[in-house]
$ cat protein21.cif   # mmCIF, C-alpha atoms
data_final
#
loop_
_atom_site.label_atom_id
_atom_site.label_comp_id
_atom_site.auth_asym_id
_atom_site.auth_seq_id
_atom_site.Cartn_x
_atom_site.Cartn_y
_atom_site.Cartn_z
CA MET Y 1 50.43 -54.90 2.27
CA ALA Y 2 48.88 -57.92 0.58
CA ALA Y 3 51.01 -59.70 -1.98
CA ILE Y 4 50.06 -59.40 -5.64
CA LEU Y 5 50.46 -62.79 -7.30
CA PRO Y 6 50.55 -63.97 -10.94
CA PRO Y 7 48.79 -63.68 -13.31
CA ALA Y 8 47.97 -60.14 -12.15
CA MET Y 9 48.44 -57.28 -14.59
CA LEU Y 10 51.34 -54.93 -13.79
CA GLY Y 11 51.75 -51.50 -15.37
CA ILE Y 12 54.80 -49.44 -16.21
CA LEU Y 13 55.17 -45.84 -17.31
CA GLY Y 14 57.75 -45.91 -20.09
CA GLY Y 15 58.45 -48.53 -22.72
CA GLY Y 16 62.16 -47.98 -23.33
CA GLN Y 17 65.08 -50.30 -22.68
CA LEU Y 18 64.51 -50.52 -18.92
CA GLY Y 19 60.78 -51.00 -19.45
CA ARG Y 20 61.56 -53.80 -21.87
CA MET Y 21 63.71 -55.63 -19.32
CA PHE Y 22 61.05 -55.10 -16.66
CA ALA Y 23 58.44 -56.63 -18.97
CA VAL Y 24 60.65 -59.66 -19.66
CA ALA Y 25 61.20 -60.21 -15.93
CA ALA Y 26 57.51 -59.82 -15.08
CA LYS Y 27 56.39 -62.16 -17.86
CA THR Y 28 58.99 -64.75 -16.81
CA MET Y 29 57.56 -64.60 -13.29
CA GLY Y 30 54.04 -65.23 -14.61
CA TYR Y 31 52.61 -61.70 -14.57
CA ARG Y 32 50.96 -59.80 -17.40
CA VAL Y 33 52.20 -56.35 -18.38
CA THR Y 34 50.68 -53.11 -19.66
CA VAL Y 35 53.02 -50.41 -20.97
CA LEU Y 36 52.08 -46.73 -21.24
CA ASP Y 37 54.31 -45.05 -23.81
CA PRO Y 38 53.51 -42.62 -26.66
CA ASP Y 39 55.99 -44.31 -29.03
CA GLU Y 40 54.43 -46.94 -31.29
CA ASN Y 41 57.87 -48.58 -31.55
CA ALA Y 42 58.56 -48.63 -27.81
CA PRO Y 43 60.92 -51.59 -27.15
CA ALA Y 44 58.84 -52.83 -24.21
CA ALA Y 45 55.69 -53.02 -26.31
CA ALA Y 46 56.92 -56.16 -28.08
CA PHE Y 47 56.94 -58.01 -24.74
CA ALA Y 48 53.87 -56.48 -23.12
CA ASP Y 49 50.32 -57.79 -23.18
CA ARG Y 50 48.95 -54.29 -23.76
CA HIS Y 51 50.42 -51.05 -25.04
CA ILE Y 52 48.59 -47.82 -24.25
CA ARG Y 53 49.87 -45.25 -26.73
CA ALA Y 54 49.41 -41.87 -25.09
CA PRO Y 55 51.40 -39.08 -23.42
CA TYR Y 56 52.51 -39.87 -19.88
CA ASN Y 57 50.32 -37.14 -18.42
CA ASP Y 58 47.17 -37.99 -20.40
CA PRO Y 59 44.37 -38.24 -17.77
CA ALA Y 60 42.32 -40.83 -19.66
CA ALA Y 61 45.38 -43.01 -20.31
CA LEU Y 62 46.44 -42.81 -16.66
CA ARG Y 63 42.95 -43.86 -15.55
CA GLU Y 64 43.00 -46.76 -18.00
CA LEU Y 65 46.41 -47.87 -16.75
CA ALA Y 66 45.43 -47.61 -13.08
CA ASP Y 67 42.07 -49.34 -13.48
CA SER Y 68 43.54 -52.27 -15.43
CA CYS Y 69 46.63 -52.90 -13.28
CA ALA Y 70 47.11 -54.25 -9.77
CA ALA Y 71 50.27 -52.16 -9.40
CA VAL Y 72 52.19 -49.60 -11.45
CA THR Y 73 55.85 -48.55 -11.57
CA THR Y 74 58.05 -46.39 -13.81
CA GLU Y 75 61.18 -46.98 -15.86
CA PHE Y 76 62.61 -43.46 -15.47
CA GLU Y 77 62.60 -40.59 -12.99
CA ASN Y 78 61.64 -37.82 -15.41
CA VAL Y 79 58.03 -38.90 -15.57
CA ASN Y 80 55.56 -36.35 -14.17
CA ALA Y 81 55.47 -36.89 -10.40
CA ASP Y 82 51.87 -35.66 -10.35
CA ALA Y 83 51.01 -38.47 -12.77
CA MET Y 84 52.41 -40.96 -10.24
CA ARG Y 85 50.37 -39.33 -7.48
CA GLU Y 86 47.22 -39.49 -9.63
CA LEU Y 87 47.81 -43.19 -10.31
CA ALA Y 88 48.23 -43.80 -6.57
CA ARG Y 89 44.66 -42.62 -5.98
CA ARG Y 90 43.41 -45.62 -7.97
CA THR Y 91 46.02 -48.39 -7.61
CA ARG Y 92 49.26 -49.39 -5.89
CA VAL Y 93 52.21 -47.32 -7.13
CA SER Y 94 55.93 -47.63 -6.46
CA PRO Y 95 58.04 -45.66 -6.11
CA SER Y 96 55.74 -42.94 -4.81
CA GLY Y 97 55.26 -39.67 -6.64
CA ASP Y 98 56.97 -37.90 -3.75
CA CYS Y 99 60.10 -40.06 -4.11
CA VAL Y 100 60.15 -39.49 -7.86
CA ALA Y 101 59.85 -35.72 -7.28
CA VAL Y 102 62.91 -35.82 -5.01
CA ALA Y 103 64.98 -37.82 -7.49
CA GLN Y 104 64.19 -35.61 -10.48
CA ASP Y 105 65.35 -32.39 -8.84
CA ARG Y 106 68.99 -32.14 -7.78
CA ILE Y 107 68.27 -29.45 -5.20
CA ALA Y 108 65.58 -31.52 -3.48
CA GLU Y 109 67.67 -34.66 -3.88
CA LYS Y 110 70.74 -33.25 -2.14
CA ALA Y 111 68.61 -31.75 0.61
CA TRP Y 112 67.02 -35.15 1.26
CA ILE Y 113 70.39 -36.92 1.26
CA ASN Y 114 71.75 -34.45 3.82
CA LYS Y 115 68.55 -34.67 5.88
CA ALA Y 116 69.10 -38.44 6.06
CA GLY Y 117 72.50 -37.72 7.63
CA LEU Y 118 74.52 -38.71 4.56
CA PRO Y 119 77.21 -36.52 2.99
CA THR Y 120 77.19 -34.90 -0.45
CA ALA Y 121 79.82 -32.75 -2.10
CA PRO Y 122 79.61 -29.12 -0.90
CA TYR Y 123 77.04 -27.43 -3.13
CA LEU Y 124 75.18 -24.20 -3.70
CA ALA Y 125 71.52 -24.27 -4.74
CA ILE Y 126 70.93 -21.64 -7.42
CA GLU Y 127 67.29 -20.80 -8.09
CA SER Y 128 67.69 -17.17 -9.16
CA VAL Y 129 70.39 -14.87 -10.51
CA GLU Y 130 70.79 -13.43 -7.01
CA ASP Y 131 71.82 -16.83 -5.66
CA ILE Y 132 74.95 -16.93 -7.82
CA GLN Y 133 76.14 -13.47 -6.80
CA VAL Y 134 77.42 -14.75 -3.44
CA ASP Y 135 81.01 -15.82 -2.69
CA LEU Y 136 81.50 -18.96 -4.80
CA ALA Y 137 84.98 -19.84 -3.52
CA PRO Y 138 83.76 -22.74 -1.30
CA TYR Y 139 82.35 -24.47 -4.39
CA LEU Y 140 85.22 -23.95 -6.84
CA PRO Y 141 86.53 -25.52 -8.91
CA GLY Y 142 83.18 -27.09 -9.46
CA ILE Y 143 80.53 -28.44 -11.78
CA LEU Y 144 77.42 -26.41 -12.55
CA LYS Y 145 74.52 -28.83 -13.04
CA THR Y 146 70.95 -28.13 -14.08
CA ALA Y 147 68.57 -29.08 -11.28
CA ARG Y 148 66.29 -31.03 -13.61
CA LEU Y 149 66.47 -33.25 -16.70
CA GLY Y 150 70.19 -33.93 -16.53
CA TYR Y 151 71.51 -37.41 -17.34
CA ASP Y 152 74.59 -39.04 -18.90
CA GLY Y 153 76.61 -35.88 -18.29
CA LYS Y 154 74.08 -33.58 -19.99
CA GLY Y 155 73.31 -30.21 -18.43
CA GLN Y 156 76.71 -30.05 -16.73
CA VAL Y 157 79.52 -27.51 -17.12
CA ARG Y 158 82.91 -27.62 -15.40
CA VAL Y 159 83.93 -24.22 -14.06
CA GLN Y 160 87.14 -22.96 -12.47
CA THR Y 161 86.26 -19.40 -11.50
CA ALA Y 162 83.28 -17.39 -10.32
CA ASP Y 163 83.14 -15.58 -13.66
CA GLU Y 164 83.01 -18.91 -15.51
CA ALA Y 165 80.26 -20.14 -13.20
CA ARG Y 166 78.12 -17.05 -13.73
CA ALA Y 167 78.65 -17.18 -17.50
CA ALA Y 168 77.72 -20.87 -17.57
CA TYR Y 169 74.59 -20.16 -15.54
CA ALA Y 170 73.57 -17.50 -18.06
CA ASN Y 171 74.28 -19.89 -20.96
CA LEU Y 172 72.01 -22.47 -19.35
CA GLY Y 173 69.18 -19.96 -19.54
CA GLY Y 174 69.08 -19.01 -15.89
CA GLN Y 175 67.29 -22.22 -14.93
CA ALA Y 176 67.63 -23.72 -11.46
CA CYS Y 177 71.07 -25.28 -10.95
CA VAL Y 178 73.45 -26.59 -8.32
CA LEU Y 179 77.10 -25.61 -8.20
CA GLU Y 180 78.89 -28.65 -6.82
CA LYS Y 181 82.49 -28.58 -5.65
CA MET Y 182 84.80 -30.99 -7.47
CA LEU Y 183 86.35 -33.50 -5.08
CA ASP Y 184 89.55 -35.55 -5.11
CA LEU Y 185 88.14 -38.90 -6.23
CA GLN Y 186 89.63 -42.38 -6.19
CA LEU Y 187 86.74 -43.90 -8.10
CA GLU Y 188 82.96 -44.10 -8.35
CA VAL Y 189 80.76 -46.92 -7.08
CA SER Y 190 77.05 -47.69 -6.84
CA ALA Y 191 74.84 -49.74 -4.55
CA ILE Y 192 71.36 -50.82 -5.63
CA VAL Y 193 68.88 -51.46 -2.84
CA THR Y 194 65.45 -53.08 -3.05
CA ARG Y 195 63.03 -52.13 -0.30
CA VAL Y 196 59.52 -53.36 0.37
CA SER Y 197 59.26 -52.15 3.97
CA GLY Y 198 61.58 -51.25 6.81
CA ALA Y 199 62.23 -54.90 7.63
CA GLN Y 200 62.31 -56.09 4.03
CA SER Y 201 65.27 -54.87 2.02
CA ALA Y 202 68.23 -56.30 0.13
CA VAL Y 203 71.28 -54.68 -1.46
CA PHE Y 204 73.20 -55.96 -4.47
CA PRO Y 205 77.00 -56.21 -4.39
CA VAL Y 206 78.67 -52.83 -4.90
CA ALA Y 207 79.74 -52.02 -8.47
CA GLU Y 208 82.78 -49.99 -9.44
CA ASN Y 209 81.82 -47.72 -12.32
CA ILE Y 210 84.03 -46.20 -15.00
CA HIS Y 211 82.58 -43.34 -17.06
CA LYS Y 212 83.59 -41.86 -20.39
CA ASN Y 213 82.20 -38.48 -21.46
CA GLY Y 214 79.80 -38.59 -18.54
CA ILE Y 215 78.30 -41.93 -19.64
CA LEU Y 216 78.76 -45.28 -17.91
CA ASP Y 217 81.32 -47.31 -19.85
CA GLU Y 218 82.18 -50.24 -17.61
CA SER Y 219 81.13 -51.76 -14.29
CA ILE Y 220 83.32 -54.12 -12.26
CA VAL Y 221 81.76 -56.28 -9.56
CA PRO Y 222 82.77 -56.69 -6.85
CA ALA Y 223 84.16 -53.17 -6.71
CA ARG Y 224 87.90 -53.02 -6.10
CA ILE Y 225 87.55 -51.47 -2.66
CA ALA Y 226 87.93 -52.79 0.87
CA PRO Y 227 85.06 -55.05 1.99
CA ALA Y 228 84.37 -52.72 4.92
CA LEU Y 229 83.97 -49.77 2.55
CA ALA Y 230 81.61 -51.77 0.31
CA ALA Y 231 79.54 -52.70 3.36
CA ARG Y 232 79.40 -49.04 4.34
CA ALA Y 233 78.07 -48.11 0.88
CA GLN Y 234 75.38 -50.79 1.18
CA ASP Y 235 74.40 -49.53 4.63
CA MET Y 236 74.19 -45.96 3.34
CA ALA Y 237 71.94 -47.08 0.47
CA ARG Y 238 69.63 -48.82 2.95
CA LYS Y 239 69.59 -45.75 5.19
CA LEU Y 240 68.62 -43.48 2.32
CA ALA Y 241 65.83 -45.83 1.19
CA GLU Y 242 64.48 -45.89 4.73
CA ALA Y 243 64.65 -42.10 5.05
CA LEU Y 244 62.58 -41.78 1.87
CA ASP Y 245 60.20 -44.56 3.00
CA TYR Y 246 61.03 -45.92 -0.43
CA VAL Y 247 59.36 -48.91 -2.08
CA GLY Y 248 61.04 -50.33 -5.17
CA VAL Y 249 64.56 -50.46 -6.57
CA LEU Y 250 66.78 -47.50 -5.72
CA ALA Y 251 70.25 -46.95 -7.19
CA VAL Y 252 72.65 -44.86 -5.11
CA GLU Y 253 75.84 -43.57 -6.74
CA PHE Y 254 78.84 -42.69 -4.57
CA PHE Y 255 82.18 -40.95 -4.89
CA VAL Y 256 85.04 -42.71 -3.10
CA LEU Y 257 87.40 -39.97 -1.94
CA ALA Y 258 91.15 -40.12 -1.50
CA ASP Y 259 90.74 -40.72 2.25
CA ASP Y 260 88.40 -43.70 1.64
CA SER Y 261 85.33 -41.74 2.71
CA LEU Y 262 82.06 -42.02 0.79
CA VAL Y 263 80.01 -39.14 -0.60
CA VAL Y 264 76.60 -39.63 -2.22
CA ASN Y 265 76.58 -38.34 -5.79
CA GLU Y 266 73.00 -38.97 -6.88
CA ILE Y 267 70.11 -41.43 -6.76
CA ALA Y 268 67.91 -43.05 -9.38
CA PRO Y 269 64.45 -44.37 -8.41
CA ARG Y 270 64.60 -47.39 -10.71
CA PRO Y 271 66.87 -50.17 -11.96
CA HIS Y 272 70.17 -48.72 -13.09
CA ASN Y 273 72.63 -49.28 -15.93
CA SER Y 274 75.30 -50.18 -13.38
CA GLY Y 275 73.04 -53.01 -12.19
CA HIS Y 276 72.67 -54.84 -15.49
CA TYR Y 277 75.38 -57.25 -14.37
CA THR Y 278 72.73 -58.77 -12.09
CA LEU Y 279 71.00 -60.27 -15.14
CA THR Y 280 73.70 -62.93 -15.43
CA ALA Y 281 75.74 -62.76 -12.23
CA CYS Y 282 73.25 -62.73 -9.32
CA LEU Y 283 70.63 -65.11 -7.97
CA THR Y 284 67.98 -62.43 -8.50
CA ASP Y 285 68.31 -59.61 -11.02
CA GLN Y 286 67.34 -55.98 -10.48
CA PHE Y 287 64.23 -56.21 -12.68
CA GLN Y 288 62.92 -59.23 -10.80
CA GLN Y 289 63.46 -57.20 -7.64
CA GLN Y 290 61.46 -54.34 -9.16
CA VAL Y 291 58.58 -56.75 -9.77
CA ARG Y 292 58.85 -58.27 -6.30
CA ALA Y 293 58.87 -54.87 -4.57
CA MET Y 294 55.84 -53.49 -6.40
CA CYS Y 295 53.94 -56.71 -5.69
CA GLY Y 296 54.74 -56.72 -1.97
CA LEU Y 297 56.91 -59.85 -2.16
CA LEU Y 298 60.08 -60.34 -0.14
CA PRO Y 299 63.19 -59.23 -2.04
CA GLY Y 300 65.09 -62.10 -3.62
CA ARG Y 301 68.60 -63.09 -2.60
CA THR Y 302 71.33 -60.92 -4.10
CA ASP Y 303 74.28 -63.32 -3.88
CA LEU Y 304 76.97 -62.74 -6.51
CA LEU Y 305 77.49 -66.00 -8.41
CA SER Y 306 80.81 -64.92 -9.89
CA PRO Y 307 82.91 -61.78 -10.30
CA VAL Y 308 81.70 -59.94 -13.38
CA VAL Y 309 82.61 -57.11 -15.73
CA MET Y 310 79.88 -55.32 -17.69
CA VAL Y 311 80.58 -53.12 -20.71
CA ASN Y 312 78.00 -50.57 -21.83
CA LEU Y 313 77.79 -50.53 -25.63
CA LEU Y 314 76.42 -47.30 -27.08
CA GLY Y 315 74.65 -46.81 -30.38
CA ASP Y 316 77.87 -45.25 -31.68
CA VAL Y 317 79.42 -48.71 -32.20
CA TRP Y 318 76.94 -49.43 -34.99
CA LYS Y 319 78.50 -48.55 -38.31
CA ASP Y 320 77.07 -45.80 -40.48
CA ASP Y 321 76.70 -48.27 -43.37
CA GLY Y 322 74.24 -50.31 -41.34
CA HIS Y 323 76.58 -53.20 -40.61
CA GLU Y 324 76.66 -54.76 -37.16
CA PRO Y 325 79.70 -54.34 -34.91
CA ASN Y 326 82.21 -57.18 -34.74
CA TRP Y 327 80.54 -59.35 -32.11
CA ASP Y 328 83.23 -62.02 -32.50
CA VAL Y 329 85.34 -60.20 -29.91
CA LEU Y 330 82.78 -61.19 -27.27
CA ALA Y 331 83.54 -64.83 -27.95
CA GLU Y 332 87.06 -64.25 -26.65
CA ALA Y 333 85.65 -63.84 -23.14
CA PRO Y 334 85.42 -67.16 -21.26
CA THR Y 335 81.73 -66.73 -20.32
CA PRO Y 336 80.30 -63.89 -22.40
CA SER Y 337 76.72 -62.70 -22.37
CA CYS Y 338 75.04 -59.91 -24.31
CA THR Y 339 71.79 -58.16 -23.39
CA CYS Y 340 70.21 -56.14 -26.18
CA THR Y 341 67.62 -53.44 -26.63
CA ALA Y 342 65.47 -53.11 -29.71
CA ARG Y 343 67.11 -50.01 -31.12
CA SER Y 344 70.27 -47.95 -30.87
CA ARG Y 345 70.98 -44.24 -30.87
CA ARG Y 346 74.28 -42.44 -30.96
CA GLY Y 347 75.46 -41.76 -27.42
CA ARG Y 348 72.74 -43.91 -25.80
CA ALA Y 349 73.02 -47.38 -24.33
CA ALA Y 350 71.99 -50.13 -26.72
CA ARG Y 351 73.54 -53.35 -25.43
CA TRP Y 352 75.38 -54.61 -22.38
CA ALA Y 353 78.06 -57.26 -22.57
CA THR Y 354 79.01 -59.10 -19.39
CA SER Y 355 81.74 -61.61 -18.65
CA THR Y 356 81.80 -63.62 -15.44
#
$ encode --input "protein21.cif" --output "structure tokens"
Amino acid sequence: MAAILPPAMLGILGGGQLGRMFAVAAKTMGYRVTVLDPDENAPAAAFADRHIRAPYNDPAALRELADSCAAVTTEFENVNADAMRELARRTRVSPSGDCVAVAQDRIAEKAWINKAGLPTAPYLAIESVEDIQVDLAPYLPGILKTARLGYDGKGQVRVQTADEARAAYANLGGQACVLEKMLDLQLEVSAIVTRVSGAQSAVFPVAENIHKNGILDESIVPARIAPALAARAQDMARKLAEALDYVGVLAVEFFVLADDSLVVNEIAPRPHNSGHYTLTACLTDQFQQQVRAMCGLLPGRTDLLSPVVMVNLLGDVWKDDGHEPNWDVLAEAPTPSCTCTARSRRGRAARWATST
């Protein structure tokens, strides 16, 4: 695969907060950027050379994006996988539409993880009302999760009994779900791998992640686990990327169980909130890696420059009267840094504060 060099035009589906940080990284590296996003106020648009305002599945817009860009990527997994496949007929695309399709469906995702020889929590795929009439005891107590469009704890219901599970399934409208057994967890960690080809991959240091209400609240790097366990998580992330023949940045979230074993929770085919610490604490950040992978360049070094803590600040911290939060508290950290998006919404990430 020939390398794509600056000042080539790179495209991205999605102009939100992750698209914005991709655009900043690409521009810093000398590339030009086109963003496809229907929102006229898309945060990434302010940093892009071009903004195509159209739905993500608009055929004319997809052709325009493909024909004007040397390579295209995406900022989120819930883009239409067929749109990614259509783009790939005209230009270089990463990750592939097939990889995106796996990541956006929990049933397919768990099947792929198991096929790669990696463990998941015991689960039951539920694609019809008949599927949930079986003996549910092996999966209880558990969490019923919608197969698609779930994020930040949305589309998830904790259930203790079979009756609760069946009622929750009905309340979710009978859509495809997975019933996943709740495990005895020590903590949650993530490993973010960048892969260009089988011989070209790099994994960032493992992050320990603390969630509140299903949303990432804090990441601690390096994770407070044994070095051998962290190395195992990195190896598992590499193995999964290879099994998918993945090109790009792939985030792999793990459960660390009471016996120090690792179970894969889920994957994200893009830079991840738990990887924002790389912006200030690593030689190469995850968005630079995204650019490098899509352009066929070797992944950059992922050395951790200093231990770091990242706090995820949601739109809720903005006051209803329009006043800014008290940012002075950040100054109390010895080496604070704050990364911002262009807008904030209640319950959604708006800024990330790191201290190294």
$ resolve_selection --input "protein21.cif" --expression "the PyMOL selection byres ((chain Y and resi 118-127) around 10)" --output "PyMOL selection string"
chain Y and resi 106-108+110-117+128-134+136+138-140+142-147+169+174-183+236-237+239-240+254-255+261-266
$ write_last_selection --input "protein21.cif" --atoms "C-alpha atoms" --output "short mmCIF file (atom, residue, chain, number, x, y, z; two decimals), in the coordinates of the input"
data_model
loop_
_atom_site.label_atom_id
_atom_site.label_comp_id
_atom_site.auth_asym_id
_atom_site.auth_seq_id
_atom_site.Cartn_x
_atom_site.Cartn_y
_atom_site.Cartn_z
CA ARG Y 106 68.99 -32.14 -7.78
CA ILE Y 107 68.27 -29.45 -5.20
CA ALA Y 108 65.58 -31.52 -3.48
CA LYS Y 110 70.74 -33.25 -2.14
CA ALA Y 111 68.61 -31.75 0.61
CA TRP Y 112 67.02 -35.15 1.26
CA ILE Y 113 70.39 -36.92 1.26
CA ASN Y 114 71.75 -34.45 3.82
CA LYS Y 115 68.55 -34.67 5.88
CA ALA Y 116 69.10 -38.44 6.06
CA GLY Y 117 72.50 -37.72 7.63
CA SER Y 128 67.69 -17.17 -9.16
CA VAL Y 129 70.39 -14.87 -10.51
CA GLU Y 130 70.79 -13.43 -7.01
CA ASP Y 131 71.82 -16.83 -5.66
CA ILE Y 132 74.95 -16.93 -7.82
CA GLN Y 133 76.14 -13.47 -6.80
CA VAL Y 134 77.42 -14.75 -3.44
CA LEU Y 136 81.50 -18.96 -4.80
CA PRO Y 138 83.76 -22.74 -1.30
CA TYR Y 139 82.35 -24.47 -4.39
CA LEU Y 140 85.22 -23.95 -6.84
CA GLY Y 142 83.18 -27.09 -9.46
CA ILE Y 143 80.53 -28.44 -11.78
CA LEU Y 144 77.42 -26.41 -12.55
CA LYS Y 145 74.52 -28.83 -13.04
CA THR Y 146 70.95 -28.13 -14.08
CA ALA Y 147 68.57 -29.08 -11.28
CA TYR Y 169 74.59 -20.16 -15.54
CA GLY Y 174 69.08 -19.01 -15.89
CA GLN Y 175 67.29 -22.22 -14.93
CA ALA Y 176 67.63 -23.72 -11.46
CA CYS Y 177 71.07 -25.28 -10.95
CA VAL Y 178 73.45 -26.59 -8.32
CA LEU Y 179 77.10 -25.61 -8.20
CA GLU Y 180 78.89 -28.65 -6.82
CA LYS Y 181 82.49 -28.58 -5.65
CA MET Y 182 84.80 -30.99 -7.47
CA LEU Y 183 86.35 -33.50 -5.08
CA MET Y 236 74.19 -45.96 3.34
CA ALA Y 237 71.94 -47.08 0.47
CA LYS Y 239 69.59 -45.75 5.19
CA LEU Y 240 68.62 -43.48 2.32
CA PHE Y 254 78.84 -42.69 -4.57
CA PHE Y 255 82.18 -40.95 -4.89
CA SER Y 261 85.33 -41.74 2.71
CA LEU Y 262 82.06 -42.02 0.79
CA VAL Y 263 80.01 -39.14 -0.60
CA VAL Y 264 76.60 -39.63 -2.22
CA ASN Y 265 76.58 -38.34 -5.79
CA GLU Y 266 73.00 -38.97 -6.88
#
$ residues_around --input "protein21.cif" --residues "Leu229 in chain Y" --least-positions-apart "3" --cutoff "10 Å" --atoms "only C-alpha atoms" --output "PDB file with C-alpha atoms, in the frame of the given file"
ATOM      1  CA  VAL Y 206      78.670 -52.830  -4.900  1.00  0.00           C
ATOM      2  CA  ALA Y 223      84.160 -53.170  -6.710  1.00  0.00           C
ATOM      3  CA  ILE Y 225      87.550 -51.470  -2.660  1.00  0.00           C
ATOM      4  CA  ALA Y 226      87.930 -52.790   0.870  1.00  0.00           C
ATOM      5  CA  ARG Y 232      79.400 -49.040   4.340  1.00  0.00           C
ATOM      6  CA  ALA Y 233      78.070 -48.110   0.880  1.00  0.00           C
ATOM      7  CA  GLN Y 234      75.380 -50.790   1.180  1.00  0.00           C
ATOM      8  CA  ASP Y 235      74.400 -49.530   4.630  1.00  0.00           C
ATOM      9  CA  VAL Y 256      85.040 -42.710  -3.100  1.00  0.00           C
ATOM     10  CA  ASP Y 260      88.400 -43.700   1.640  1.00  0.00           C
ATOM     11  CA  SER Y 261      85.330 -41.740   2.710  1.00  0.00           C
ATOM     12  CA  LEU Y 262      82.060 -42.020   0.790  1.00  0.00           C
TER      13      LEU Y 262
END
$ resolve_selection --input "protein21.cif" --expression "the PyMOL selection byres ((chain Y and resi 245) around 9)" --output "PyMOL selection string"
chain Y and resi 99+195+197-198+240-244+246-247
$ resolve_selection --input "protein21.cif" --expression "the PyMOL selection byres ((chain Y and resi 270) around 10)" --output "number ranges by chain"
Y: 18, 73-77, 94-95, 100, 192-194, 248-251, 267-269, 271-273, 286-287, 290
$ atom_distance --input "protein21.cif" --atom1 "CA of Arg90 in chain Y" --atom2 "CA of Leu10 in chain Y"
13.5 Å
$ closest_residue --input "protein21.cif" --among "Y:Gln288, Y:Asn326, Y:Gln160, Y:Ser219" --to "Val308 in chain Y" --atoms "all atoms listed in the file"
Y:Ser219
$ atom_distance --input "protein21.cif" --atom1 "CA of Asn78 in chain Y" --atom2 "CA of Val35 in chain Y"
16.2 Å
$ atom_distance --input "protein21.cif" --atom1 "CA of Ala137 in chain Y" --atom2 "CA of Glu164 in chain Y"
12.2 Å
$ axis_aligned_box --input "protein21.cif" --around "range 131-150 of chain Y" --padding-each-side "6 Å" --output "JSON"
{"center_x": 76.4, "center_y": -23.7, "center_z": -9.0, "size_x": 32.2, "size_y": 32.5, "size_z": 27.4}
